[in-house]
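Enquirer: File structure_0.cif follows (mmCIF, C-alpha atoms):
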```cif
data_query
#
loop_
_atom_site.label_atom_id
_atom_site.label_comp_id
_atom_site.auth_asym_id
_atom_site.auth_seq_id
_atom_site.Cartn_x
_atom_site.Cartn_y
_atom_site.Cartn_z
CA MET F 577 -12.98 32.28 81.31
CA ILE F 578 -10.27 29.96 82.61
CA GLY F 579 -6.91 30.97 81.14
CA SER F 580 -5.03 29.23 78.35
CA PRO F 581 -3.93 25.68 79.18
CA PRO F 582 -0.27 24.82 79.69
CA SER F 583 1.74 23.15 76.96
CA PRO F 584 1.40 19.36 76.52
CA SER F 585 3.78 17.37 78.67
CA THR F 586 4.90 13.85 79.47
CA ALA F 587 4.08 12.71 82.99
CA SER F 588 6.95 11.77 85.25
CA PRO F 589 7.29 11.23 89.02
CA ARG F 590 9.41 14.39 89.37
CA ASP F 591 7.32 16.68 87.18
CA PRO F 592 3.65 15.61 87.28
CA PRO F 593 1.05 17.43 85.18
CA ALA F 594 -2.04 18.92 86.76
CA LEU F 595 -3.62 15.66 87.93
CA VAL F 596 -1.76 12.42 87.18
CA PRO F 597 -3.70 9.17 87.78
CA SER F 598 -1.67 6.78 89.91
CA ARG F 599 -0.70 3.29 88.76
CA ARG F 600 -3.01 1.92 91.45
CA PHE F 601 -5.94 3.97 90.13
CA VAL F 602 -5.52 2.85 86.52
CA LEU F 603 -5.24 -0.79 87.54
CA GLY F 604 -8.19 -0.49 89.89
CA LEU F 605 -10.34 1.25 87.30
CA ALA F 606 -9.55 -1.39 84.70
CA LEU F 607 -10.33 -4.24 87.10
CA ALA F 608 -13.45 -2.54 88.40
CA THR F 609 -14.96 -2.31 84.91
CA VAL F 610 -14.85 -6.10 84.55
CA GLY F 611 -18.34 -7.55 84.67
CA GLY F 612 -20.12 -4.24 85.05
CA LEU F 613 -18.21 -3.32 88.21
CA GLY F 614 -19.48 -6.15 90.29
CA SER F 615 -18.01 -7.66 93.42
CA VAL F 616 -14.41 -8.79 93.08
CA GLY F 617 -14.16 -10.89 96.22
CA ARG F 618 -11.25 -10.87 98.66
CA ALA F 619 -8.73 -8.09 98.14
CA ARG F 620 -5.28 -9.09 96.92
CA ALA F 621 -1.94 -7.32 96.77
CA GLU F 622 -1.46 -4.98 93.82
CA PRO F 623 -0.01 -6.92 90.87
CA PRO F 624 3.46 -5.79 89.74
CA ILE F 625 2.48 -4.10 86.46
CA VAL F 626 4.28 -1.37 84.54
CA LEU F 627 2.22 1.36 82.88
CA PRO F 628 3.18 2.81 79.50
CA THR F 629 4.38 6.41 79.32
CA MET F 630 1.69 8.92 80.29
CA ARG F 631 1.34 12.00 78.08
CA SER F 632 -0.92 14.93 78.99
CA GLU F 633 -2.78 17.39 76.78
CA PHE F 634 -4.77 20.38 78.02
CA GLN F 635 -7.80 22.14 76.55
CA VAL F 636 -10.27 24.76 77.77
CA PHE F 637 -14.04 24.36 77.13
CA PRO F 638 -16.77 26.96 77.63
CA GLU F 639 -19.23 24.17 78.54
CA LEU F 640 -18.68 20.79 80.18
CA PRO F 641 -18.61 18.07 77.48
CA VAL F 642 -20.11 15.01 79.16
CA ALA F 643 -19.83 11.66 77.37
CA ARG F 644 -23.12 10.34 78.78
CA PRO F 645 -25.31 13.30 79.75
CA GLN F 646 -28.22 10.96 80.42
CA HIS F 647 -26.16 9.31 83.18
CA VAL F 648 -25.12 12.32 85.25
CA PRO F 649 -25.83 11.65 88.94
CA GLN F 650 -27.97 14.10 90.90
CA ASP F 651 -27.04 12.97 94.39
CA GLU F 652 -27.13 15.52 97.18
CA GLY F 653 -23.70 16.87 98.09
CA MET F 654 -22.02 15.47 94.96
CA LEU F 655 -18.44 16.70 94.60
CA PHE F 656 -17.57 14.98 91.30
CA TYR F 657 -18.30 11.78 89.40
CA VAL F 658 -16.49 9.26 87.19
CA GLN F 659 -17.83 7.79 83.92
CA HIS F 660 -16.13 5.24 81.68
CA SER F 661 -16.70 3.75 78.25
CA ILE F 662 -17.20 0.08 79.20
CA ASN F 663 -20.73 0.56 80.53
CA ALA F 664 -23.07 3.16 82.00
CA ASN F 665 -22.23 2.69 85.70
CA VAL F 666 -20.87 5.82 87.42
CA ILE F 667 -18.79 6.43 90.56
CA VAL F 668 -20.02 9.28 92.76
CA TYR F 669 -18.00 11.24 95.32
CA ALA F 670 -20.36 13.10 97.65
CA ALA F 671 -20.04 15.14 100.85
CA ARG F 672 -22.01 14.11 103.91
CA ARG F 673 -23.52 16.64 106.30
CA GLY F 674 -24.04 16.25 110.01
CA ALA F 675 -27.13 17.08 112.07
CA THR F 676 -26.15 20.76 112.36
CA GLY F 677 -25.67 21.18 108.59
CA GLY F 678 -21.88 21.15 108.63
CA LEU F 679 -19.73 18.35 107.27
CA ASP F 680 -20.20 15.01 108.99
CA ALA F 681 -17.42 14.79 111.58
CA ARG F 682 -17.15 10.98 111.33
CA ASN F 683 -17.50 10.48 107.58
CA PRO F 684 -17.44 13.72 105.55
CA VAL F 685 -17.07 11.99 102.15
CA GLU F 686 -18.80 8.90 100.79
CA VAL F 687 -18.04 7.11 97.52
CA PHE F 688 -20.50 4.80 95.81
CA TRP F 689 -21.77 3.50 92.48
CA ARG F 690 -24.82 4.58 90.53
CA ARG F 691 -25.56 1.48 88.48
CA TYR F 692 -27.13 3.03 85.40
CA ALA F 693 -26.42 -0.16 83.46
CA SER F 694 -29.35 -1.67 85.35
CA ARG F 695 -31.81 0.53 87.28
CA GLY F 696 -29.59 3.36 88.51
CA GLN F 697 -29.51 1.98 92.04
CA LYS F 698 -26.87 2.95 94.58
CA ARG F 699 -24.20 0.40 95.53
CA ASP F 700 -21.36 0.73 98.00
CA LEU F 701 -17.79 0.18 96.89
CA SER F 702 -16.23 -3.19 97.52
CA PHE F 703 -13.20 -3.41 99.79
CA PHE F 704 -10.95 -3.87 96.75
CA GLU F 705 -12.42 -0.79 95.02
CA ARG F 706 -11.95 1.35 98.14
CA MET F 707 -8.35 0.25 98.66
CA PHE F 708 -7.09 0.13 95.08
CA ALA F 709 -9.06 2.62 93.02
CA PHE F 710 -11.70 4.94 94.42
CA GLY F 711 -11.35 5.27 98.20
CA VAL F 712 -10.69 8.44 100.18
CA ALA F 713 -8.94 9.32 103.44
CA THR F 714 -10.05 12.41 105.38
CA LEU F 715 -8.46 14.37 108.22
CA PRO F 716 -9.91 17.45 109.95
CA SER F 717 -7.75 20.53 109.40
CA GLY F 718 -9.69 23.08 111.46
CA GLU F 719 -12.33 25.76 110.85
CA GLY F 720 -14.75 23.33 109.23
CA ARG F 721 -12.19 22.12 106.68
CA TRP F 722 -10.98 18.62 105.91
CA SER F 723 -7.92 17.37 104.08
CA VAL F 724 -8.97 14.75 101.54
CA GLY F 725 -6.62 12.22 100.01
CA LEU F 726 -7.87 10.26 97.01
CA VAL F 727 -6.48 6.82 96.21
CA SER F 728 -6.76 7.80 92.54
CA PHE F 729 -4.68 10.99 92.93
CA GLN F 730 -2.38 10.42 95.87
CA GLU F 731 -0.07 13.29 94.94
CA ARG F 732 -2.89 15.86 95.04
CA GLU F 733 -4.35 16.36 98.50
CA GLY F 734 -7.60 18.29 98.38
CA THR F 735 -9.45 20.51 100.83
CA LEU F 736 -13.12 19.93 101.59
CA ASP F 737 -15.22 22.71 103.08
CA ILE F 738 -18.50 24.57 102.71
CA GLY F 739 -18.26 27.14 99.92
CA PRO F 740 -19.62 30.70 99.84
CA ASP F 741 -22.80 29.35 98.25
CA GLY F 742 -23.46 27.13 101.27
CA LYS F 743 -22.68 23.92 99.38
CA PRO F 744 -19.84 21.47 100.00
CA ARG F 745 -16.87 21.87 97.68
CA LEU F 746 -13.61 20.00 97.11
CA LEU F 747 -10.60 22.04 96.00
CA VAL F 748 -7.45 20.46 94.58
CA PRO F 749 -4.24 22.18 93.44
CA VAL F 750 -4.06 22.37 89.64
CA ASP F 751 -1.40 24.51 87.98
CA LYS F 752 -0.73 26.10 91.41
CA ARG F 753 -4.39 27.11 91.78
CA PRO F 754 -7.20 25.65 93.89
CA MET F 755 -9.76 24.18 91.46
CA ARG F 756 -12.83 22.00 91.73
CA PRO F 757 -12.81 18.56 90.14
CA VAL F 758 -16.11 18.15 88.33
CA TYR F 759 -15.99 15.08 86.12
CA VAL F 760 -13.65 12.24 85.15
CA TYR F 761 -14.03 10.07 82.05
CA ALA F 762 -12.00 6.95 81.26
CA GLU F 763 -11.83 5.64 77.69
CA ALA F 764 -11.23 1.89 77.91
CA VAL F 765 -11.29 -1.05 75.50
CA ALA F 766 -12.57 -4.42 76.68
CA ASP F 767 -9.88 -6.39 74.86
CA GLY F 768 -9.19 -8.93 77.59
CA PHE F 769 -10.02 -9.86 81.18
CA ILE F 770 -8.50 -6.54 82.28
CA PRO F 771 -9.63 -3.74 79.92
CA THR F 772 -7.01 -1.47 78.38
CA ILE F 773 -7.23 2.18 79.47
CA ARG F 774 -6.62 4.41 76.42
CA HIS F 775 -6.92 7.79 78.10
CA ILE F 776 -8.46 9.53 81.09
CA ASP F 777 -10.10 12.96 80.90
CA LEU F 778 -10.04 15.14 84.00
CA PHE F 779 -12.28 18.21 84.08
CA VAL F 780 -11.80 20.96 86.67
CA THR F 781 -13.14 24.47 87.12
CA ALA F 782 -12.21 27.55 89.17
CA ASP F 783 -14.63 29.26 91.53
CA GLY F 784 -15.96 32.48 90.05
CA GLU F 785 -14.65 31.77 86.54
CA PRO F 786 -16.60 30.34 83.59
CA GLY F 787 -15.30 27.40 81.60
CA TYR F 788 -13.63 24.07 82.27
CA LEU F 789 -10.05 22.89 81.96
CA ARG F 790 -9.57 19.36 80.64
CA GLU F 791 -6.43 17.35 81.11
CA ARG F 792 -6.38 14.28 78.84
CA VAL F 793 -3.83 11.73 80.00
CA HIS F 794 -2.85 9.31 77.23
CA PHE F 795 -1.32 5.91 77.95
CA GLY F 796 1.19 4.54 75.51
#
```
Have the structure of the file written as structure tokens, please.
Expert:
Amino acid sequence: MIGSPPSPSTASPRDPPALVPSRRFVLGLALATVGGLGSVGRARAEPPIVLPTMRSEFQVFPELPVARPQHVPQDEGMLFYVQHSINANVIVYAARRGATGGLDARNPVEVFWRRYASRGQKRDLSFFERMFAFGVATLPSGEGRWSVGLVSFQEREGTLDIGPDGKPRLLVPVDKRPMRPVYVYAEAVADGFIPTIRHIDLFVTADGEPGYLRERVHFG
């Protein structure tokens, strides 16, 4: 079982908790939920907003508590997925393989929507969503590994490779340990044109250990 979680903390630029969502991610997530995550048109510069204080709490679970178990994607190569409370649509991060079975050298990670609010169809991210909320940047680091930078967690560069089980895996540093992100859930309230994000749950797990560590980041 994953060890006891660290003590609750308040997020700050100098002392971030395990995985702190960036200001850009929270804004992008809130904007993306408008209208069922439809197209937002031409990208604009990030508005000058100020987020409330972020406060983190940690908890260990023996099983993964999924808010919408009926809307868990089953896409091949899935690394992790993002649900939110506004509607049933889900963001999927998935690894792409090349012709030889290794990671695709040109595009090892793809990010897209599963639109469960309608028919569950796949939809690509818009330019705005890629740039401001859910995009990734990848760089080969040798021996079949890739460095992965997420727009949503810029401070936490991950490593993508093929795990011992032959499946793609993404490892990110959490509490000075490499752990797999599994699932993200955002609790939001549609109280205006831009929904208010109440908290974000981040679930990770360690290879070879049962259980899941949740970091809940509260806003305000």
Enquirer: Record the distance separating CA of His647 in chain F and CA of Phe710 in chain F, expressed in Å with one decimal.
Expert: 18.8 Å
Enquirer: Name the residues that the PyMOL selection byres ((chain F and resi 686) around 7) pulls out of this structure, and write them as a PyMOL selection string.
Expert: chain F and resi 669-672+684-685+687-688
Enquirer: Mind telling me what the PyMOL selection byres ((chain F and resi 650) around 12) catches here, as a PDB file with C-alpha atoms, in the frame of the given file?
Expert:
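Final output, saved to selection_38.pdb:
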```pdb
ATOM      1  CA  PRO F 645     -25.310  13.300  79.750  1.00  0.00           C
ATOM      2  CA  GLN F 646     -28.220  10.960  80.420  1.00  0.00           C
ATOM      3  CA  HIS F 647     -26.160   9.310  83.180  1.00  0.00           C
ATOM      4  CA  VAL F 648     -25.120  12.320  85.250  1.00  0.00           C
ATOM      5  CA  PRO F 649     -25.830  11.650  88.940  1.00  0.00           C
ATOM      6  CA  ASP F 651     -27.040  12.970  94.390  1.00  0.00           C
ATOM      7  CA  GLU F 652     -27.130  15.520  97.180  1.00  0.00           C
ATOM      8  CA  GLY F 653     -23.700  16.870  98.090  1.00  0.00           C
ATOM      9  CA  MET F 654     -22.020  15.470  94.960  1.00  0.00           C
ATOM     10  CA  LEU F 655     -18.440  16.700  94.600  1.00  0.00           C
ATOM     11  CA  PHE F 656     -17.570  14.980  91.300  1.00  0.00           C
ATOM     12  CA  TYR F 657     -18.300  11.780  89.400  1.00  0.00           C
ATOM     13  CA  VAL F 666     -20.870   5.820  87.420  1.00  0.00           C
ATOM     14  CA  ILE F 667     -18.790   6.430  90.560  1.00  0.00           C
ATOM     15  CA  VAL F 668     -20.020   9.280  92.760  1.00  0.00           C
ATOM     16  CA  TYR F 669     -18.000  11.240  95.320  1.00  0.00           C
ATOM     17  CA  ALA F 670     -20.360  13.100  97.650  1.00  0.00           C
ATOM     18  CA  ARG F 690     -24.820   4.580  90.530  1.00  0.00           C
ATOM     19  CA  GLY F 696     -29.590   3.360  88.510  1.00  0.00           C
ATOM     20  CA  LYS F 698     -26.870   2.950  94.580  1.00  0.00           C
TER      21      LYS F 698
END
```
Enquirer: How many Å separate CA of Gly787 in chain F from CA of Thr714 in chain F?
Expert: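 Separation of CA of Gly787 in chain F and CA of Thr714 in chain F: 28.6 Å.
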Enquirer: Record the distance separating CA of Arg721 in chain F and CA of Pro754 in chain F, expressed in Å with one decimal.
Expert: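 These two atoms are separated by 14.2 Å.
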Enquirer: Considering only C-alpha atoms, return as a ChimeraX atom specification whatever protein or nucleic-acid residues lie within 9 Å of Val765 in chain F, sequence-local ones (same chain, fewer than 3 positions apart) excluded.
Expert: /F:661-662,768,771-774
Enquirer: If the PyMOL selection byres ((chain F and resi 637) around 6) were run on this exact file, what residues would it hold? Put them as a list in words.
Expert: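 Against this file, the PyMOL selection byres ((chain F and resi 637) around 6) returns the residues Val636, Pro638, Glu639, Gly787 and Tyr788 of chain F.
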